[in-house]
Amino acid sequence: MKIQTHNNYKLESIESPIKFGDAALGLVTTRSFPAIVGTADMMLKSSGVMLVGYEKIGSGYCTAVVRGGIADVRLAVDSGAETAEKFGQLVSKTVIPRPLPNLEVVLPIGSLLFRLSQGRVSTEFRNKAVGLIETRGFPAMVGACDAMLKSADVQLTAYETTGAGLCTAIVRGSVSNVAVAVEAGMHEAERIGELNAVMVIPRPLDDLERTLPVAGHLIEEKPEPLRLPMAIKEKEKELVRLPDFAQLPLPIKEEVKEKS
């Protein structure tokens, strides 16, 4: 499977918040999480839109939600759909000009996702490439993670599940290290189970950074590998001397007299 990358259309993300009442809504759906992240990356880099977030409905189906002016949203959706179609992952797309307030309140496309998208961008991962490997089955993903970490200087930041047994591992590092890691992870995932999708994004924008999952507890220092079996020292137990049974008194048998 060929590694898919994005490295064109470098535009600055929107600095001022969008007035949702005057904005259009754009949605593109793909069949995998790596594909939707790559699609969202292209949408952001092709037009002046804001990535509000993702909606995952199971069976691997993921939707990227963007907001902006009608013209910008149409351009972003067309670019994202074209990218997803190249990956063979496009499911559907739509543009909704000036959505009514009722649509904003009921569906998770309004203020909730907007607040989530305003999270801080981690300085540790800023300007670092993103590598994603999606497998069908958890063991294949764990094996791919192990191969990626051992083959290049990358950091495992999180994993995502989207239903139907699909799991996506996300690593960060330099472009060259991420490319090497993803290549190694692909082979290991195919050896163990089923490889579903891969993606490498060299330079993600801040808007994309805010929506990527990051594990709550990241290991800053590289841990030493766990060596099995582990040598566990048990406390020495005191020996108890058993009595000499030959010296013990024999029990006296009582004669039972039969009653006449």
# chains A, B, ... in the order shown; residues from 1 in each chain; ligands from 1

call {"tool": "residues_around", "arguments": {"residues": "range 69-85 of chain A", "least_positions_apart": "6", "cutoff": "8 Å", "atoms": "only C-alpha atoms", "output": "short mmCIF file (atom, residue, chain, number, x, y, z; two decimals) with N, CA, C and O atoms, in the first residue's frame"}}
result
data_model
loop_
_atom_site.label_atom_id
_atom_site.label_comp_id
_atom_site.auth_asym_id
_atom_site.auth_seq_id
_atom_site.Cartn_x
_atom_site.Cartn_y
_atom_site.Cartn_z
N ASP A 22 -23.62 33.88 9.76
CA ASP A 22 -23.39 34.24 8.36
C ASP A 22 -22.52 33.22 7.64
O ASP A 22 -22.08 33.46 6.52
N ALA A 23 -22.27 32.07 8.28
CA ALA A 23 -21.34 31.12 7.71
C ALA A 23 -22.07 29.93 7.11
O ALA A 23 -23.18 29.60 7.49
N ALA A 24 -21.40 29.30 6.16
CA ALA A 24 -21.91 28.06 5.59
C ALA A 24 -21.29 26.88 6.33
O ALA A 24 -20.29 27.01 7.04
N LEU A 25 -21.92 25.75 6.15
CA LEU A 25 -21.49 24.52 6.80
C LEU A 25 -21.07 23.53 5.72
O LEU A 25 -21.80 23.31 4.76
N GLY A 26 -19.90 22.93 5.88
CA GLY A 26 -19.42 21.95 4.92
C GLY A 26 -19.08 20.64 5.60
O GLY A 26 -18.48 20.63 6.67
N LEU A 27 -19.51 19.52 5.00
CA LEU A 27 -19.26 18.21 5.58
C LEU A 27 -18.75 17.25 4.49
O LEU A 27 -19.31 17.20 3.39
N VAL A 28 -17.71 16.50 4.83
CA VAL A 28 -17.18 15.45 3.95
C VAL A 28 -17.02 14.19 4.80
O VAL A 28 -16.45 14.25 5.89
N THR A 30 -15.73 10.11 5.09
CA THR A 30 -14.86 9.07 4.55
C THR A 30 -15.06 7.78 5.33
O THR A 30 -15.77 7.76 6.34
N ALA A 35 -8.07 8.82 6.61
CA ALA A 35 -8.54 9.51 5.41
C ALA A 35 -9.22 10.82 5.76
O ALA A 35 -9.06 11.82 5.05
N ILE A 36 -9.99 10.87 6.86
CA ILE A 36 -10.68 12.11 7.19
C ILE A 36 -9.70 13.16 7.69
O ILE A 36 -9.88 14.36 7.46
N GLY A 38 -6.55 13.42 6.62
CA GLY A 38 -5.93 13.92 5.39
C GLY A 38 -6.86 14.81 4.59
O GLY A 38 -6.45 15.82 4.01
N THR A 39 -8.14 14.45 4.57
CA THR A 39 -9.14 15.26 3.87
C THR A 39 -9.30 16.62 4.54
O THR A 39 -9.35 17.66 3.87
N ALA A 40 -9.35 16.63 5.86
CA ALA A 40 -9.47 17.90 6.59
C ALA A 40 -8.25 18.77 6.37
O ALA A 40 -8.36 19.99 6.24
N MET A 42 -6.41 18.91 3.66
CA MET A 42 -6.55 19.53 2.35
C MET A 42 -7.61 20.62 2.35
O MET A 42 -7.45 21.67 1.70
N MET A 43 -8.70 20.43 3.08
CA MET A 43 -9.75 21.44 3.14
C MET A 43 -9.23 22.74 3.74
O MET A 43 -9.54 23.83 3.27
N LEU A 44 -8.42 22.62 4.80
CA LEU A 44 -7.87 23.80 5.46
C LEU A 44 -6.85 24.51 4.57
O LEU A 44 -6.78 25.74 4.57
N SER A 46 -6.69 24.53 1.29
CA SER A 46 -7.19 24.96 -0.01
C SER A 46 -8.10 26.17 0.08
O SER A 46 -8.39 26.80 -0.94
N SER A 47 -8.55 26.52 1.30
CA SER A 47 -9.51 27.60 1.43
C SER A 47 -9.48 28.15 2.85
O SER A 47 -9.00 27.50 3.77
N GLY A 48 -10.04 29.38 3.00
CA GLY A 48 -10.06 30.02 4.31
C GLY A 48 -11.23 29.57 5.14
O GLY A 48 -12.17 30.34 5.39
N VAL A 49 -11.21 28.33 5.61
CA VAL A 49 -12.28 27.80 6.45
C VAL A 49 -11.71 27.41 7.80
O VAL A 49 -10.50 27.33 7.99
N SER A 92 -19.57 10.67 1.15
CA SER A 92 -20.52 11.71 0.76
C SER A 92 -19.97 13.08 1.12
O SER A 92 -19.00 13.19 1.88
N LYS A 93 -20.61 14.11 0.58
CA LYS A 93 -20.23 15.50 0.87
C LYS A 93 -21.46 16.37 0.74
O LYS A 93 -22.42 16.03 0.04
N THR A 94 -21.43 17.53 1.41
CA THR A 94 -22.54 18.47 1.28
C THR A 94 -22.11 19.85 1.77
O THR A 94 -21.20 19.97 2.61
N VAL A 95 -22.77 20.87 1.26
CA VAL A 95 -22.59 22.26 1.69
C VAL A 95 -23.96 22.81 2.06
O VAL A 95 -24.91 22.71 1.28
N PRO A 97 -25.63 26.31 3.06
CA PRO A 97 -25.49 27.75 3.27
C PRO A 97 -26.40 28.25 4.39
O PRO A 97 -27.56 27.86 4.46
#

call {"tool": "residues_around", "arguments": {"residues": "range 176-186 of chain A", "least_positions_apart": "2", "cutoff": "6 Å", "atoms": "only C-alpha atoms", "output": "MDAnalysis selection string"}}
result
chainID A and resid 131 144 147:148 151:153 173:174 188:189

call {"tool": "write_last_selection", "arguments": {"atoms": "C-alpha atoms", "output": "PDB file, in the first residue's frame"}}
result
ATOM      1  CA  GLY A 131       1.601   9.699  10.815  1.00  0.00           C
ATOM      2  CA  ALA A 144       2.310  -1.463  14.287  1.00  0.00           C
ATOM      3  CA  ALA A 147       7.357  -1.345  15.019  1.00  0.00           C
ATOM      4  CA  MET A 148       7.028   2.403  14.456  1.00  0.00           C
ATOM      5  CA  SER A 151      12.233   1.907  13.694  1.00  0.00           C
ATOM      6  CA  ALA A 152      12.429   5.714  13.969  1.00  0.00           C
ATOM      7  CA  ASP A 153      12.544   8.645  16.385  1.00  0.00           C
ATOM      8  CA  GLY A 173       8.027  13.454  14.608  1.00  0.00           C
ATOM      9  CA  SER A 174      10.085  14.840  11.729  1.00  0.00           C
ATOM     10  CA  GLU A 188       3.973  -5.227  10.848  1.00  0.00           C
ATOM     11  CA  ALA A 189       0.234  -4.540  10.714  1.00  0.00           C
TER      12      ALA A 189
END

call {"tool": "select_by_dssp", "arguments": {"residues": "range 68-101 of chain A", "states": "alpha helix (DSSP H)", "output": "ChimeraX atom specification"}}
result
/A:70-86,101

call {"tool": "write_last_selection", "arguments": {"atoms": "all heavy atoms", "output": "compact mmCIF listing (two decimals), in the first residue's frame"}}
result
# COMPACT_ATOMS: atom_id res chain seq x y z
N ILE A 70 -19.58 31.07 2.20
CA ILE A 70 -20.14 30.06 1.30
C ILE A 70 -19.14 29.67 0.22
O ILE A 70 -18.93 28.48 -0.06
CB ILE A 70 -21.44 30.59 0.66
CG1 ILE A 70 -22.50 30.82 1.74
CG2 ILE A 70 -21.96 29.61 -0.38
CD1 ILE A 70 -23.78 31.43 1.22
N ALA A 71 -18.49 30.64 -0.40
CA ALA A 71 -17.53 30.34 -1.46
C ALA A 71 -16.36 29.53 -0.93
O ALA A 71 -15.91 28.57 -1.57
CB ALA A 71 -17.04 31.64 -2.10
N ASP A 72 -15.85 29.92 0.25
CA ASP A 72 -14.72 29.20 0.84
C ASP A 72 -15.10 27.76 1.19
O ASP A 72 -14.33 26.82 0.98
CB ASP A 72 -14.23 29.93 2.09
CG ASP A 72 -13.45 31.18 1.75
OD1 ASP A 72 -12.88 31.24 0.65
OD2 ASP A 72 -13.42 32.10 2.59
N VAL A 73 -16.30 27.59 1.75
CA VAL A 73 -16.72 26.25 2.14
C VAL A 73 -16.91 25.36 0.91
O VAL A 73 -16.53 24.19 0.92
CB VAL A 73 -18.02 26.33 2.97
CG1 VAL A 73 -18.63 24.94 3.15
CG2 VAL A 73 -17.73 26.95 4.33
N ARG A 74 -17.48 25.91 -0.14
CA ARG A 74 -17.66 25.11 -1.37
C ARG A 74 -16.30 24.67 -1.92
O ARG A 74 -16.14 23.50 -2.32
CB ARG A 74 -18.42 25.92 -2.43
CG ARG A 74 -19.88 26.15 -2.11
CD ARG A 74 -20.61 26.74 -3.30
NE ARG A 74 -21.98 27.09 -2.97
CZ ARG A 74 -22.99 26.23 -2.93
NH1 ARG A 74 -22.76 24.94 -3.22
NH2 ARG A 74 -24.20 26.63 -2.62
N LEU A 75 -15.34 25.57 -1.95
CA LEU A 75 -14.02 25.23 -2.44
C LEU A 75 -13.36 24.18 -1.55
O LEU A 75 -12.75 23.22 -2.04
CB LEU A 75 -13.14 26.49 -2.50
CG LEU A 75 -11.69 26.29 -2.98
CD1 LEU A 75 -11.66 25.67 -4.37
CD2 LEU A 75 -10.96 27.63 -2.97
N ALA A 76 -13.50 24.35 -0.23
CA ALA A 76 -12.90 23.40 0.70
C ALA A 76 -13.52 22.01 0.56
O ALA A 76 -12.82 20.99 0.55
CB ALA A 76 -13.05 23.91 2.14
N VAL A 77 -14.85 21.95 0.46
CA VAL A 77 -15.53 20.66 0.35
C VAL A 77 -15.15 19.97 -0.96
O VAL A 77 -14.91 18.75 -0.99
CB VAL A 77 -17.06 20.86 0.45
CG1 VAL A 77 -17.80 19.60 0.03
CG2 VAL A 77 -17.43 21.23 1.88
N ASP A 78 -15.08 20.73 -2.06
CA ASP A 78 -14.70 20.14 -3.34
C ASP A 78 -13.27 19.59 -3.28
O ASP A 78 -13.00 18.49 -3.78
CB ASP A 78 -14.82 21.17 -4.46
CG ASP A 78 -16.27 21.50 -4.80
OD1 ASP A 78 -17.15 20.69 -4.43
OD2 ASP A 78 -16.51 22.56 -5.41
N SER A 79 -12.36 20.35 -2.67
CA SER A 79 -10.98 19.90 -2.56
C SER A 79 -10.87 18.68 -1.66
O SER A 79 -10.15 17.72 -1.97
CB SER A 79 -10.10 21.03 -2.02
OG SER A 79 -10.11 22.14 -2.88
N GLY A 80 -11.60 18.71 -0.53
CA GLY A 80 -11.56 17.58 0.38
C GLY A 80 -12.16 16.32 -0.23
O GLY A 80 -11.62 15.22 -0.09
N ALA A 81 -13.28 16.49 -0.94
CA ALA A 81 -13.92 15.33 -1.58
C ALA A 81 -13.02 14.75 -2.67
O ALA A 81 -12.94 13.52 -2.82
CB ALA A 81 -15.26 15.75 -2.16
N GLU A 82 -12.35 15.61 -3.42
CA GLU A 82 -11.44 15.13 -4.46
C GLU A 82 -10.29 14.34 -3.85
O GLU A 82 -9.89 13.29 -4.37
CB GLU A 82 -10.91 16.31 -5.26
CG GLU A 82 -10.00 15.92 -6.41
CD GLU A 82 -9.47 17.12 -7.18
OE1 GLU A 82 -9.91 18.26 -6.88
OE2 GLU A 82 -8.63 16.92 -8.07
N THR A 83 -9.76 14.83 -2.72
CA THR A 83 -8.68 14.12 -2.03
C THR A 83 -9.15 12.77 -1.51
O THR A 83 -8.49 11.75 -1.70
CB THR A 83 -8.17 14.97 -0.85
OG1 THR A 83 -7.68 16.21 -1.34
CG2 THR A 83 -7.05 14.25 -0.11
N ALA A 84 -10.32 12.75 -0.86
CA ALA A 84 -10.86 11.49 -0.33
C ALA A 84 -11.14 10.50 -1.45
O ALA A 84 -10.95 9.29 -1.29
CB ALA A 84 -12.13 11.77 0.46
N GLU A 85 -11.58 11.01 -2.60
CA GLU A 85 -11.87 10.13 -3.73
C GLU A 85 -10.60 9.50 -4.28
O GLU A 85 -10.59 8.34 -4.70
CB GLU A 85 -12.59 10.92 -4.82
CG GLU A 85 -13.30 10.05 -5.83
CD GLU A 85 -14.25 10.86 -6.70
OE1 GLU A 85 -14.14 12.09 -6.72
OE2 GLU A 85 -15.08 10.22 -7.38
N LYS A 86 -9.49 10.25 -4.26
CA LYS A 86 -8.20 9.70 -4.70
C LYS A 86 -7.78 8.56 -3.79
O LYS A 86 -7.14 7.61 -4.24
CB LYS A 86 -7.14 10.79 -4.71
CG LYS A 86 -7.30 11.81 -5.83
CD LYS A 86 -6.21 12.86 -5.77
CE LYS A 86 -6.37 13.88 -6.89
NZ LYS A 86 -5.31 14.94 -6.82
N PRO A 101 -30.78 28.26 13.17
CA PRO A 101 -30.35 28.02 14.56
C PRO A 101 -30.76 26.65 15.09
O PRO A 101 -30.03 26.05 15.87
CB PRO A 101 -31.05 29.14 15.33
CG PRO A 101 -31.24 30.23 14.33
CD PRO A 101 -31.50 29.54 13.02

call {"tool": "atom_distance", "arguments": {"atom1": "CA of Glu190 in chain A", "atom2": "CA of Ala169 in chain A"}}
result
14.4 Å

call {"tool": "decode", "arguments": {"residues": "range 81-93 of chain A", "atoms": "all heavy atoms", "output": "tab-separated table (two decimals), in the first residue's frame"}}
result
chain	number	residue	atom	x	y	z
A	81	ALA	N	-13.28	16.49	-0.94
A	81	ALA	CA	-13.92	15.33	-1.58
A	81	ALA	C	-13.02	14.75	-2.67
A	81	ALA	O	-12.94	13.52	-2.82
A	81	ALA	CB	-15.26	15.75	-2.16
A	82	GLU	N	-12.35	15.61	-3.42
A	82	GLU	CA	-11.44	15.13	-4.46
A	82	GLU	C	-10.29	14.34	-3.85
A	82	GLU	O	-9.89	13.29	-4.37
A	82	GLU	CB	-10.91	16.31	-5.26
A	82	GLU	CG	-10.00	15.92	-6.41
A	82	GLU	CD	-9.47	17.12	-7.18
A	82	GLU	OE1	-9.91	18.26	-6.88
A	82	GLU	OE2	-8.63	16.92	-8.07
A	83	THR	N	-9.76	14.83	-2.72
A	83	THR	CA	-8.68	14.12	-2.03
A	83	THR	C	-9.15	12.77	-1.51
A	83	THR	O	-8.49	11.75	-1.70
A	83	THR	CB	-8.17	14.97	-0.85
A	83	THR	OG1	-7.68	16.21	-1.34
A	83	THR	CG2	-7.05	14.25	-0.11
A	84	ALA	N	-10.32	12.75	-0.86
A	84	ALA	CA	-10.86	11.49	-0.33
A	84	ALA	C	-11.14	10.50	-1.45
A	84	ALA	O	-10.95	9.29	-1.29
A	84	ALA	CB	-12.13	11.77	0.46
A	85	GLU	N	-11.58	11.01	-2.60
A	85	GLU	CA	-11.87	10.13	-3.73
A	85	GLU	C	-10.60	9.50	-4.28
A	85	GLU	O	-10.59	8.34	-4.70
A	85	GLU	CB	-12.59	10.92	-4.82
A	85	GLU	CG	-13.30	10.05	-5.83
A	85	GLU	CD	-14.25	10.86	-6.70
A	85	GLU	OE1	-14.14	12.09	-6.72
A	85	GLU	OE2	-15.08	10.22	-7.38
A	86	LYS	N	-9.49	10.25	-4.26
A	86	LYS	CA	-8.20	9.70	-4.70
A	86	LYS	C	-7.78	8.56	-3.79
A	86	LYS	O	-7.14	7.61	-4.24
A	86	LYS	CB	-7.14	10.79	-4.71
A	86	LYS	CG	-7.30	11.81	-5.83
A	86	LYS	CD	-6.21	12.86	-5.77
A	86	LYS	CE	-6.37	13.88	-6.89
A	86	LYS	NZ	-5.31	14.94	-6.82
A	87	PHE	N	-8.10	8.66	-2.51
A	87	PHE	CA	-7.77	7.60	-1.56
A	87	PHE	C	-8.74	6.42	-1.68
A	87	PHE	O	-8.52	5.37	-1.06
A	87	PHE	CB	-7.83	8.12	-0.11
A	87	PHE	CG	-6.87	9.24	0.16
A	87	PHE	CD1	-7.10	10.12	1.21
A	87	PHE	CD2	-5.74	9.43	-0.60
A	87	PHE	CE1	-6.23	11.15	1.48
A	87	PHE	CE2	-4.86	10.47	-0.35
A	87	PHE	CZ	-5.11	11.33	0.70
A	88	GLY	N	-9.82	6.60	-2.45
A	88	GLY	CA	-10.85	5.57	-2.51
A	88	GLY	C	-11.67	5.49	-1.23
A	88	GLY	O	-12.21	4.44	-0.89
A	89	GLN	N	-11.79	6.64	-0.51
A	89	GLN	CA	-12.44	6.65	0.80
A	89	GLN	C	-13.66	7.56	0.88
A	89	GLN	O	-14.28	7.68	1.92
A	89	GLN	CB	-11.43	7.10	1.87
A	89	GLN	CG	-10.25	6.19	2.06
A	89	GLN	CD	-10.60	4.98	2.90
A	89	GLN	OE1	-11.58	4.99	3.63
A	89	GLN	NE2	-9.81	3.93	2.80
A	90	LEU	N	-14.02	8.22	-0.22
A	90	LEU	CA	-15.13	9.18	-0.17
A	90	LEU	C	-16.47	8.46	-0.04
A	90	LEU	O	-16.75	7.52	-0.77
A	90	LEU	CB	-15.13	10.05	-1.43
A	90	LEU	CG	-16.27	11.09	-1.52
A	90	LEU	CD1	-16.15	12.11	-0.40
A	90	LEU	CD2	-16.27	11.77	-2.88
A	91	VAL	N	-17.29	8.93	0.92
A	91	VAL	CA	-18.64	8.41	1.11
A	91	VAL	C	-19.67	9.43	0.64
A	91	VAL	O	-20.55	9.13	-0.16
A	91	VAL	CB	-18.89	8.03	2.59
A	91	VAL	CG1	-20.34	7.60	2.79
A	91	VAL	CG2	-17.93	6.94	3.02
A	92	SER	N	-19.57	10.67	1.15
A	92	SER	CA	-20.52	11.71	0.76
A	92	SER	C	-19.97	13.08	1.12
A	92	SER	O	-19.00	13.19	1.88
A	92	SER	CB	-21.88	11.50	1.45
A	92	SER	OG	-21.72	11.55	2.86
A	93	LYS	N	-20.61	14.11	0.58
A	93	LYS	CA	-20.23	15.50	0.87
A	93	LYS	C	-21.46	16.37	0.74
A	93	LYS	O	-22.42	16.03	0.04
A	93	LYS	CB	-19.15	15.98	-0.10
A	93	LYS	CG	-19.62	16.05	-1.55
A	93	LYS	CD	-18.58	16.67	-2.46
A	93	LYS	CE	-19.15	16.80	-3.90
A	93	LYS	NZ	-18.20	17.48	-4.80
